[in-house]
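Structure data follow from entry-v2.txt (compact mmCIF, C-alpha atoms):
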```txt
# COMPACT_ATOMS: atom_id res chain seq x y z
CA MET A 26 122.26 20.72 153.82
CA ALA A 27 124.40 23.19 151.97
CA GLY A 28 122.54 22.94 148.66
CA PHE A 29 124.10 25.48 146.33
CA ASN A 30 125.65 27.55 149.10
CA LYS A 31 129.32 27.87 148.12
CA VAL A 32 130.38 30.32 150.83
CA VAL A 33 133.41 29.46 152.93
CA THR A 34 134.20 31.77 155.83
CA ASP A 35 137.70 30.69 156.80
CA TYR A 36 140.74 31.13 154.55
CA SER A 37 142.34 28.05 156.13
CA GLU A 38 139.57 25.91 154.55
CA ILE A 39 139.27 27.58 151.16
CA LEU A 40 142.11 25.63 149.52
CA TYR A 41 141.19 22.22 150.93
CA GLY A 42 142.54 19.59 148.54
CA LEU A 43 145.41 21.66 147.12
CA GLU A 44 148.51 19.48 147.09
CA ASP A 45 152.14 19.66 146.04
CA GLY A 46 152.69 19.31 142.30
CA MET A 47 149.22 20.46 141.26
CA THR A 48 148.35 22.88 138.46
CA VAL A 49 146.82 26.18 139.55
CA VAL A 50 145.12 28.49 137.03
CA ALA A 51 144.94 32.10 138.17
CA GLY A 52 142.97 35.14 137.00
CA GLY A 53 144.42 38.65 136.87
CA PHE A 54 146.37 40.95 134.56
CA GLY A 55 149.40 42.47 136.20
CA LEU A 56 148.14 43.26 139.69
CA CYS A 57 144.63 44.06 138.42
CA GLY A 58 141.97 41.55 139.45
CA ILE A 59 144.32 39.17 141.24
CA PRO A 60 143.11 36.93 144.06
CA GLN A 61 145.73 38.19 146.52
CA GLY A 62 144.09 36.59 149.58
CA LEU A 63 144.10 33.16 147.93
CA ILE A 64 147.71 33.63 146.82
CA ASP A 65 148.68 34.57 150.36
CA GLU A 66 146.92 31.42 151.60
CA ILE A 67 148.92 29.24 149.16
CA LYS A 68 152.03 30.88 150.58
CA ARG A 69 150.89 30.20 154.14
CA LYS A 70 150.11 26.55 153.34
CA GLY A 71 153.54 26.21 151.74
CA THR A 72 152.28 24.04 148.86
CA ARG A 73 155.23 23.35 146.53
CA ASP A 74 156.19 22.30 143.01
CA LEU A 75 153.17 24.04 141.57
CA THR A 76 152.56 24.62 137.89
CA VAL A 77 150.94 28.03 137.70
CA VAL A 78 149.00 29.29 134.68
CA SER A 79 148.57 33.05 134.66
CA ASN A 80 149.13 35.89 132.21
CA ASN A 81 151.80 37.45 134.45
CA CYS A 82 153.48 36.48 137.67
CA GLY A 83 152.94 39.62 139.71
CA THR A 84 155.81 41.66 141.06
CA THR A 85 158.43 40.61 143.59
CA GLU A 86 156.24 41.90 146.45
CA HIS A 87 152.70 41.25 145.25
CA GLY A 88 150.54 38.81 143.35
CA LEU A 89 151.91 35.42 142.32
CA GLY A 90 155.42 36.88 142.64
CA VAL A 91 155.33 36.09 146.37
CA LEU A 92 155.10 32.37 145.51
CA LEU A 93 158.09 32.72 143.17
CA VAL A 94 160.15 34.39 145.87
CA ASN A 95 159.12 31.58 148.22
CA ARG A 96 160.22 28.96 145.64
CA GLN A 97 156.77 27.31 145.52
CA ILE A 98 156.42 27.43 141.74
CA LYS A 99 158.11 24.81 139.59
CA LYS A 100 156.68 25.86 136.25
CA MET A 101 155.00 29.01 134.96
CA ILE A 102 152.78 29.21 131.90
CA ALA A 103 152.51 32.94 131.13
CA SER A 104 152.62 35.49 128.33
CA TYR A 105 154.55 38.30 129.94
CA VAL A 106 157.56 38.30 132.24
CA GLY A 107 158.49 41.99 132.13
CA GLU A 108 158.53 44.03 135.32
CA ASN A 109 159.34 41.06 137.53
CA ALA A 110 163.12 40.83 137.88
CA ASN A 111 162.88 37.74 140.07
CA PHE A 112 160.84 35.91 137.42
CA GLU A 113 163.36 36.78 134.73
CA ALA A 114 166.30 35.74 136.94
CA GLN A 115 164.78 32.37 137.91
CA MET A 116 163.90 31.75 134.27
CA MET A 117 167.40 32.60 133.00
CA SER A 118 169.08 30.43 135.64
CA GLY A 119 166.86 27.51 134.64
CA GLU A 120 165.52 27.17 138.19
CA LEU A 121 162.03 27.97 136.96
CA GLU A 122 160.55 26.21 133.97
CA VAL A 123 158.63 28.70 131.82
CA GLU A 124 156.29 28.11 128.91
CA LEU A 125 155.90 31.52 127.27
CA THR A 126 152.46 31.50 125.67
CA PRO A 127 150.86 34.25 123.57
CA GLN A 128 148.21 36.09 125.55
CA GLY A 129 145.30 35.27 123.26
CA THR A 130 146.38 31.65 123.03
CA LEU A 131 146.59 31.50 126.82
CA ALA A 132 143.09 32.92 127.22
CA GLU A 133 141.70 30.52 124.62
CA LYS A 134 143.51 27.56 126.21
CA MET A 135 141.72 28.29 129.48
CA ARG A 136 138.35 28.88 127.82
CA ALA A 137 138.64 25.75 125.69
CA GLY A 138 139.83 23.69 128.66
CA GLY A 139 136.80 24.74 130.64
CA ALA A 140 134.53 24.08 127.66
CA GLY A 141 135.74 20.51 127.12
CA ILE A 142 137.60 21.29 123.89
CA PRO A 143 141.01 19.58 124.05
CA ALA A 144 142.77 21.62 121.36
CA PHE A 145 142.27 24.28 118.71
CA PHE A 146 144.09 25.75 115.71
CA THR A 147 145.37 29.31 115.61
CA ALA A 148 147.61 31.38 113.34
CA THR A 149 149.20 32.98 116.39
CA GLY A 150 152.79 31.81 116.79
CA TYR A 151 153.08 30.10 113.41
CA GLY A 152 156.71 30.26 112.26
CA THR A 153 157.95 31.20 115.75
CA ALA A 154 159.45 29.27 118.67
CA VAL A 155 155.91 28.89 120.05
CA ALA A 156 155.15 26.51 117.17
CA ASP A 157 158.07 24.16 117.95
CA GLY A 158 156.85 20.57 118.10
CA LYS A 159 153.25 21.51 117.33
CA GLU A 160 151.11 20.20 114.51
CA VAL A 161 150.69 22.64 111.59
CA ARG A 162 147.61 22.51 109.44
CA GLU A 163 146.49 24.58 106.46
CA PHE A 164 142.98 25.99 106.32
CA ASN A 165 141.87 28.17 103.38
CA GLY A 166 145.46 28.70 102.29
CA ARG A 167 146.78 29.84 105.67
CA GLN A 168 148.97 28.00 108.18
CA TYR A 169 147.74 27.34 111.71
CA ILE A 170 149.27 25.57 114.69
CA MET A 171 147.51 23.23 117.07
CA GLU A 172 147.37 24.42 120.65
CA GLU A 173 146.22 22.14 123.45
CA SER A 174 143.83 23.53 126.02
CA ILE A 175 144.53 23.89 129.74
CA THR A 176 142.65 22.69 132.77
CA GLY A 177 143.77 23.18 136.34
CA ASP A 178 143.46 21.11 139.49
CA PHE A 179 142.58 24.42 141.12
CA SER A 180 141.58 27.80 139.78
CA ILE A 181 141.96 30.90 141.88
CA VAL A 182 139.75 33.79 140.85
CA LYS A 183 138.99 37.35 141.94
CA ALA A 184 135.49 38.72 141.36
CA TRP A 185 133.69 41.85 142.49
CA LYS A 186 130.42 40.36 143.68
CA ALA A 187 129.09 36.86 144.15
CA ASP A 188 125.82 35.53 145.39
CA THR A 189 125.96 32.57 147.75
CA PHE A 190 125.35 30.23 144.77
CA GLY A 191 128.66 31.36 143.24
CA ASN A 192 127.23 33.48 140.41
CA LEU A 193 129.89 36.10 139.71
CA VAL A 194 130.09 39.69 138.55
CA PHE A 195 133.45 41.28 137.75
CA ARG A 196 134.31 44.95 137.85
CA LYS A 197 135.87 46.86 134.92
CA THR A 198 139.18 45.52 133.59
CA ALA A 199 139.63 43.41 136.73
CA ARG A 200 137.60 40.88 134.72
CA ASN A 201 140.47 39.98 132.32
CA PHE A 202 141.39 36.28 132.70
CA ASN A 203 139.13 35.65 135.70
CA PRO A 204 136.04 34.24 133.94
CA LEU A 205 138.31 31.94 131.89
CA ALA A 206 140.25 30.76 134.92
CA ALA A 207 136.90 30.08 136.62
CA MET A 208 135.94 27.74 133.77
CA ALA A 209 139.27 25.92 133.64
CA GLY A 210 139.50 24.63 137.22
CA LYS A 211 138.43 21.22 138.47
CA ILE A 212 137.97 23.10 141.72
CA THR A 213 137.38 26.83 141.36
CA VAL A 214 137.70 29.08 144.38
CA VAL A 215 136.76 32.75 144.24
CA GLU A 216 137.67 35.72 146.38
CA VAL A 217 135.12 38.54 146.24
CA GLU A 218 134.50 42.02 147.62
CA GLU A 219 130.84 41.44 148.41
CA ILE A 220 128.58 38.43 148.87
CA VAL A 221 124.86 38.88 148.26
CA GLN A 222 121.82 36.63 148.49
CA PRO A 223 120.58 34.68 145.45
CA GLY A 224 118.16 36.85 143.50
CA GLU A 225 120.00 40.06 144.26
CA LEU A 226 122.02 39.77 141.05
CA ASP A 227 120.01 40.18 137.87
CA PRO A 228 120.43 36.91 135.91
CA ASP A 229 121.21 39.03 132.84
CA GLU A 230 124.15 40.74 134.51
CA ILE A 231 125.96 37.61 135.72
CA HIS A 232 129.31 37.20 133.96
CA THR A 233 130.18 33.73 135.29
CA PRO A 234 127.37 31.32 136.22
CA GLY A 235 127.79 29.55 139.56
CA ILE A 236 128.08 26.13 137.90
CA TYR A 237 131.80 26.85 137.38
CA VAL A 238 132.35 27.85 140.99
CA ASN A 239 132.98 25.57 143.97
CA ARG A 240 133.86 27.92 146.81
CA VAL A 241 133.44 31.64 147.49
CA ILE A 242 135.14 33.66 150.21
CA LEU A 243 134.90 37.30 151.23
CA GLY A 244 138.35 38.84 150.82
CA ASN A 245 139.74 42.08 152.10
CA SER A 246 142.96 42.54 150.13
CA GLU A 247 144.02 46.03 149.18
CA LYS A 248 143.83 46.76 145.44
CA LEU A 249 147.20 47.73 144.05
CA ILE A 250 148.16 49.90 141.09
CA GLU A 251 151.32 49.06 139.16
CA GLN A 252 151.50 52.20 136.99
CA ARG A 253 149.56 54.99 138.62
CA THR A 254 149.17 57.44 135.75
CA VAL A 255 147.11 60.62 135.93
CA ALA A 256 146.18 63.33 133.46
CA THR A 257 148.72 66.12 133.19
CA LYS A 258 146.18 68.82 132.43
CA MET B 21 166.66 65.01 111.44
CA ALA B 22 165.45 61.75 112.86
CA LEU B 23 161.84 61.92 114.04
CA SER B 24 161.13 62.45 117.73
CA ARG B 25 158.82 60.03 119.55
CA GLU B 26 156.05 62.61 119.21
CA GLN B 27 156.63 62.95 115.46
CA LEU B 28 156.52 59.18 115.04
CA ALA B 29 153.15 59.20 116.81
CA MET B 30 151.95 62.12 114.68
CA ARG B 31 152.88 60.34 111.46
CA VAL B 32 151.10 57.14 112.55
CA ALA B 33 148.05 59.25 113.42
CA GLN B 34 147.86 60.30 109.77
CA GLU B 35 146.98 56.67 108.97
CA LEU B 36 143.87 56.78 111.19
CA GLN B 37 140.44 56.87 109.60
CA ASP B 38 137.09 57.90 110.97
CA GLY B 39 135.36 54.93 112.62
CA TYR B 40 138.51 52.88 113.12
CA TYR B 41 138.97 50.46 116.01
CA VAL B 42 142.67 50.64 116.87
CA ASN B 43 145.01 48.67 119.12
CA LEU B 44 148.08 50.54 120.30
CA GLY B 45 151.09 48.73 121.72
CA ILE B 46 153.15 49.88 124.67
CA GLY B 47 155.62 52.77 124.21
CA ILE B 48 155.55 55.09 121.18
CA PRO B 49 152.31 53.57 119.81
CA THR B 50 150.51 54.70 122.99
CA LEU B 51 151.33 58.32 122.10
CA VAL B 52 149.28 58.04 118.88
CA ALA B 53 146.15 58.56 120.99
CA ASN B 54 147.29 62.16 121.58
CA TYR B 55 147.15 63.02 117.87
CA VAL B 56 143.74 61.84 116.69
CA PRO B 57 142.44 64.54 114.33
CA ASP B 58 139.60 66.58 115.81
CA ASN B 59 137.14 65.70 113.07
CA MET B 60 137.58 61.95 113.59
CA ASP B 61 136.11 59.31 115.90
CA VAL B 62 138.50 56.49 116.74
CA MET B 63 138.09 53.83 119.44
CA PHE B 64 141.10 52.32 121.15
CA GLN B 65 141.18 48.66 122.11
CA SER B 66 143.27 47.61 125.06
CA GLU B 67 143.88 43.87 124.96
CA ASN B 68 143.35 43.35 128.69
CA GLY B 69 139.66 43.75 127.90
CA LEU B 70 138.60 47.30 127.08
CA LEU B 71 137.22 48.80 123.87
CA GLY B 72 136.92 52.56 124.15
CA MET B 73 139.95 53.44 126.26
CA GLY B 74 140.00 57.07 127.33
CA GLU B 75 142.65 59.43 128.65
CA PHE B 76 144.56 59.08 131.88
CA PRO B 77 142.30 59.84 134.86
CA GLN B 78 142.25 62.87 137.10
CA GLU B 79 143.60 62.07 140.56
CA SER B 80 140.05 61.72 141.90
CA GLN B 81 139.08 59.27 139.12
CA VAL B 82 141.96 56.80 139.59
CA ASP B 83 140.54 53.28 139.77
CA ALA B 84 142.73 50.22 140.41
CA ASP B 85 140.21 48.12 138.46
CA LEU B 86 140.55 50.17 135.29
CA ILE B 87 143.91 49.86 133.56
CA ASN B 88 145.32 49.47 130.05
CA ALA B 89 147.58 46.75 128.69
CA GLY B 90 150.60 48.70 129.96
CA LYS B 91 149.07 48.47 133.47
CA GLN B 92 148.52 52.24 133.54
CA THR B 93 145.37 53.65 135.09
CA VAL B 94 142.99 54.90 132.38
CA THR B 95 139.40 56.00 131.85
CA THR B 96 136.64 54.85 129.49
CA VAL B 97 135.04 56.92 126.75
CA THR B 98 131.30 57.16 126.14
CA GLY B 99 130.25 53.97 124.36
CA ALA B 100 133.07 51.85 125.77
CA SER B 101 132.68 48.15 126.51
CA ILE B 102 134.54 45.76 128.82
CA PHE B 103 135.03 42.03 128.35
CA ASP B 104 137.24 39.11 129.30
CA SER B 105 140.60 38.24 127.72
CA ALA B 106 139.22 35.51 125.43
CA GLU B 107 136.68 37.93 124.00
CA SER B 108 139.38 40.56 123.63
CA PHE B 109 141.55 38.25 121.57
CA ALA B 110 138.57 36.99 119.60
CA MET B 111 138.35 40.57 118.30
CA ILE B 112 142.05 40.63 117.55
CA ARG B 113 142.40 37.15 116.02
CA GLY B 114 139.11 37.41 114.20
CA GLY B 115 140.43 40.40 112.25
CA HIS B 116 137.94 42.88 113.69
CA VAL B 117 140.53 45.49 114.70
CA ASP B 118 141.11 47.99 111.87
CA LEU B 119 144.64 49.09 112.75
CA THR B 120 147.35 47.73 115.02
CA VAL B 121 150.43 49.74 115.97
CA LEU B 122 153.29 48.09 117.80
CA GLY B 123 157.01 48.30 118.40
CA ALA B 124 159.79 45.92 117.38
CA PHE B 125 163.50 45.14 117.85
CA GLU B 126 163.91 43.98 114.24
CA VAL B 127 161.96 43.50 111.02
CA ASP B 128 163.14 41.91 107.79
CA THR B 129 162.44 41.93 104.05
CA GLN B 130 160.20 38.86 104.40
CA GLY B 131 157.82 40.73 106.70
CA ASN B 132 159.07 38.91 109.78
CA ILE B 133 159.12 40.72 113.12
CA ALA B 134 161.11 40.14 116.33
CA SER B 135 159.99 42.01 119.42
CA TYR B 136 159.77 39.89 122.55
CA MET B 137 163.16 38.59 123.64
CA ILE B 138 166.92 38.87 123.28
CA PRO B 139 168.34 35.45 124.19
CA GLY B 140 170.56 35.54 127.26
CA LYS B 141 169.88 39.23 127.81
CA LEU B 142 166.27 40.20 127.97
CA ILE B 143 163.08 38.18 128.27
CA LYS B 144 159.92 40.26 128.21
CA GLY B 145 157.50 37.73 126.88
CA MET B 146 155.29 38.23 123.86
CA GLY B 147 152.19 39.33 125.75
CA GLY B 148 149.58 39.92 123.07
CA ALA B 149 152.03 40.82 120.29
CA MET B 150 152.00 37.40 118.58
CA ASP B 151 148.21 37.43 118.49
CA LEU B 152 148.15 41.00 117.20
CA VAL B 153 150.57 40.43 114.32
CA ALA B 154 148.90 37.14 113.33
CA GLY B 155 145.36 38.48 113.56
CA ALA B 156 145.59 41.93 112.03
CA ASP B 157 145.86 42.79 108.37
CA ASN B 158 146.64 46.47 108.82
CA ILE B 159 149.73 46.74 111.03
CA ILE B 160 152.21 49.58 111.45
CA VAL B 161 155.47 48.80 113.22
CA THR B 162 157.15 51.77 114.88
CA MET B 163 160.82 51.47 115.73
CA THR B 164 164.21 53.13 115.51
CA HIS B 165 165.88 52.49 112.16
CA ALA B 166 169.23 51.51 113.66
CA SER B 167 170.88 51.09 117.03
CA LYS B 168 172.81 53.98 118.58
CA ALA B 169 175.95 52.29 117.26
CA GLY B 170 174.50 52.46 113.73
CA VAL B 171 173.57 48.80 113.38
CA SER B 172 170.51 48.41 111.14
CA LYS B 173 167.32 46.93 112.54
CA LEU B 174 165.80 46.53 109.05
CA LEU B 175 167.42 43.28 108.06
CA ASN B 176 167.63 40.61 105.40
CA THR B 177 166.69 38.08 108.08
CA CYS B 178 165.75 38.76 111.68
CA SER B 179 168.42 37.52 114.07
CA LEU B 180 166.22 37.44 117.20
CA PRO B 181 163.37 35.00 117.95
CA LEU B 182 160.36 35.88 115.81
CA THR B 183 157.09 37.31 117.06
CA GLY B 184 155.47 36.67 113.70
CA LYS B 185 156.31 35.36 110.26
CA GLY B 186 155.53 37.21 107.05
CA CYS B 187 152.97 39.49 108.64
CA ILE B 188 154.46 42.99 108.50
CA LYS B 189 153.85 45.25 105.50
CA LYS B 190 154.42 48.73 106.91
CA VAL B 191 157.22 50.10 109.07
CA LEU B 192 157.65 53.63 110.37
CA THR B 193 161.11 54.35 111.72
CA ASP B 194 162.63 57.56 112.96
CA LEU B 195 164.09 57.97 109.45
CA ALA B 196 161.57 56.56 106.99
CA LEU B 197 158.18 55.15 106.16
CA ILE B 198 158.69 51.82 104.45
CA GLU B 199 156.50 49.23 102.79
CA ILE B 200 157.59 45.59 102.73
CA LYS B 201 156.66 43.66 99.59
CA ASP B 202 158.18 41.10 97.25
CA GLY B 203 161.06 40.49 99.66
CA GLN B 204 162.25 44.12 99.61
CA PHE B 205 161.91 47.31 101.61
CA HIS B 206 160.24 50.03 99.54
CA LEU B 207 160.91 53.59 100.66
CA LEU B 208 157.69 55.63 100.72
CA GLU B 209 158.63 58.73 102.70
CA ARG B 210 161.71 60.27 104.33
CA ALA B 211 161.94 62.02 107.67
CA PRO B 212 162.41 65.77 107.07
CA GLY B 213 166.00 66.49 106.11
CA VAL B 214 167.08 62.86 105.87
CA THR B 215 168.43 61.75 102.48
CA VAL B 216 167.72 58.51 100.62
CA ASN B 217 171.41 57.63 100.86
CA GLU B 218 171.44 58.12 104.62
CA ILE B 219 168.47 55.77 104.90
CA LYS B 220 170.07 53.24 102.56
CA ALA B 221 173.28 53.28 104.60
CA LEU B 222 171.35 52.26 107.71
CA THR B 223 169.17 49.62 106.01
CA GLU B 224 170.70 46.15 105.79
CA GLY B 225 167.91 44.61 103.71
CA GLU B 226 167.48 45.63 100.07
CA LEU B 227 165.92 49.08 99.93
CA VAL B 228 164.08 50.18 96.80
CA ALA B 229 163.71 53.93 96.34
CA ASN B 230 161.86 54.69 93.10
CA GLY B 231 161.71 58.25 91.83
CA ASP B 232 161.49 61.27 94.06
CA ILE B 233 160.82 60.16 97.64
CA PRO B 234 158.75 62.80 99.45
CA GLU B 235 159.48 64.10 102.92
CA MET B 236 156.93 63.43 105.63
CA GLN B 237 154.54 66.31 106.25
CA PHE B 238 153.44 67.34 109.71
```

Take the structure in the file and write it out as structure tokens.
Amino acid sequence: MAGFNKVVTDYSEILYGLEDGMTVVAGGFGLCGIPQGLIDEIKRKGTRDLTVVSNNCGTTEHGLGVLLVNRQIKKMIASYVGENANFEAQMMSGELEVELTPQGTLAEKMRAGGAGIPAFFTATGYGTAVADGKEVREFNGRQYIMEESITGDFSIVKAWKADTFGNLVFRKTARNFNPLAAMAGKITVVEVEEIVQPGELDPDEIHTPGIYVNRVILGNSEKLIEQRTVATK
Amino acid sequence: MALSREQLAMRVAQELQDGYYVNLGIGIPTLVANYVPDNMDVMFQSENGLLGMGEFPQESQVDADLINAGKQTVTTVTGASIFDSAESFAMIRGGHVDLTVLGAFEVDTQGNIASYMIPGKLIKGMGGAMDLVAGADNIIVTMTHASKAGVSKLLNTCSLPLTGKGCIKKVLTDLALIEIKDGQFHLLERAPGVTVNEIKALTEGELVANGDIPEMQF
């Protein structure tokens, strides 16, 4: 009887059920707080025609960029393309379908999707290409557009610590989109740096309750820095 | 003389007030943090989920898990807080940030801004810029007044895809500080040594210059 034990020990089992054509929601901002081990496993499995929802798409060597290079992504929903030449090239050639989405709208789409809210209104993007084809409504004299929320078949998440029940704690700005991605997945899998026993995390300090989490695995990916910047004095 | 990047940052810093929460965009806006007056407490918000962003770290403090929205390693100040991206944009969209400073390719007399793509040439993505311009009331756009070839970036109508519609009221260029209202650019200050006529010549949209326009003071 596994009860609430969500721990999986083998990467080859962590993505059980992931199939071609599915939607994958990913946490991370740039290369900060990305589930690199899970991304590498998607690459190894060779799952194709994926729709990937993530703020960025990594670089050509790291993060989700490796799936782009490997031509496993059919469509990207992201806010920022910069710093990934391959992403920009595949987008310009039309090979990759891209839905550029404002960062706050993207975060809210994930949160709302996980919270069972199918759509919301926001002023962000009103009067821009983002609003094309979307319902506009006026509230208190201001124009807002309707944005539909996002859920994923799978969510891939990076956390700092988990207990075996899947309660999660994130570290510093590696939190970013991870708690939202965790909410938005029908199946949420999490790569962590440390797994502890239930009770070792103070209930008050848990960022993401285990109810959103299906599987947890201990990862060992190196943390990467895109723009290493140090004080000059 | 056109303002240097540092002077642009210094002039923006004059708009800071004690107790302000401020979001700085990538590029010149980031430099504003270097010119906060000594007698003032300001907290910087980084939209990847940090309120109370500090200086760049010493080598020994570098932490891959602590970056700003430009993906640079940073530190936190005393009293900082960290949160997820939805919370971060709740602050921004909810109008809780006191001042937003960001760059642009073009602005126009209707307060429109274009900053995220040049069709067929450059696709950066809007990142958080669309949320910032829609959510903030107090926005300063920093940009060069014209291209190197002398083509104005202060237009009657933006030619590039918009980041936001009717949301920009204040623009600081390397030549001028300008307010946008009633469908016109209003010249508030000149860069030192730059004449009103020089500014007019490089401004496509209608530029109103009433009375004696002061030079910026540093």

**Neighbour residues at most 12 Å from (147.9, 35.9, 125.5) (all atoms listed in the file) as a PyMOL selection string** = (chain A and resi 54+78-81+102-105+124-135+149-150+155+201-202) or (chain B and resi 67-69+89+104-110+112-113+145-152)

**Message:** Between B:Phe205, B:Phe64, B:Phe125, B:Tyr40, which residue has the minimum interatomic distance to Pro181 of chain B, considering all atoms listed in the file?
**Reply:** B:Phe125

**Message:** Please determine, counting all atoms listed in the file, which residue among A:Tyr41, A:Phe112, A:Phe190, A:Tyr169 has the shortest atom-to-atom distance to Val241 of chain A.
**Reply:**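 That would be A:Phe190, the residue with the smallest distance to Val241 of chain A.
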
**Message:** Can you pull out the residues contacting Thr189 of chain A? Cut-off 12 Å, using all atoms listed in the file, and skip same-chain residues under 4 positions away; I want them as a list in words.
**Reply:** Ala27, Gly28, Phe29, Asn30, Lys31, Val32, Val33, Thr34, Leu193, Val215, Val217, Glu219, Ile220, Val221, Gln222, Pro223, Gly224, Glu225, Leu226, Pro234, Gly235, Ile236, Val238, Asn239, Arg240, Val241, Ile242 and Leu243 of chain A

**Asked** Nearest to Asp58 of chain B: which of B:Leu119, B:Leu36, B:Val214, B:Ile138 is it, counting all atoms listed in the file?
**Response** B:Leu36

**Message:** Could you check which residues have any atom within 12 Å of (139.9, 23.0, 123.1), counting only C-alpha atoms with coordinates taken straight from the file, and then list them as a VMD selection string?
**Reply:** chain A and resid 130 to 147 171 to 176 209

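In this structure, atom CA of Ala134 of chain B sits 22.3 Å away from atom CA of Leu208 of chain B.
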
**Prompt:** Which is closest to chain A among B:Tyr55, B:Val42, B:Leu182, B:Gly72, if we use all atoms listed in the file?
**Reply:** B:Leu182

**Message:** Show me, as a PyMOL selection string, the residues that have an atom within 10 Å of Met117 of chain A when counting all atoms listed in the file, minus same-chain residues fewer than 6 positions from it.
**Reply:** (chain A and resi 111+123) or (chain B and resi 139-143)

**Prompt:** What is the atom CA of Glu230 of chain A to atom CA of Ile212 of chain A distance in Å?
**Reply:**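 Calculated distance between atom CA of Glu230 of chain A and atom CA of Ile212 of chain A is 23.5 Å.
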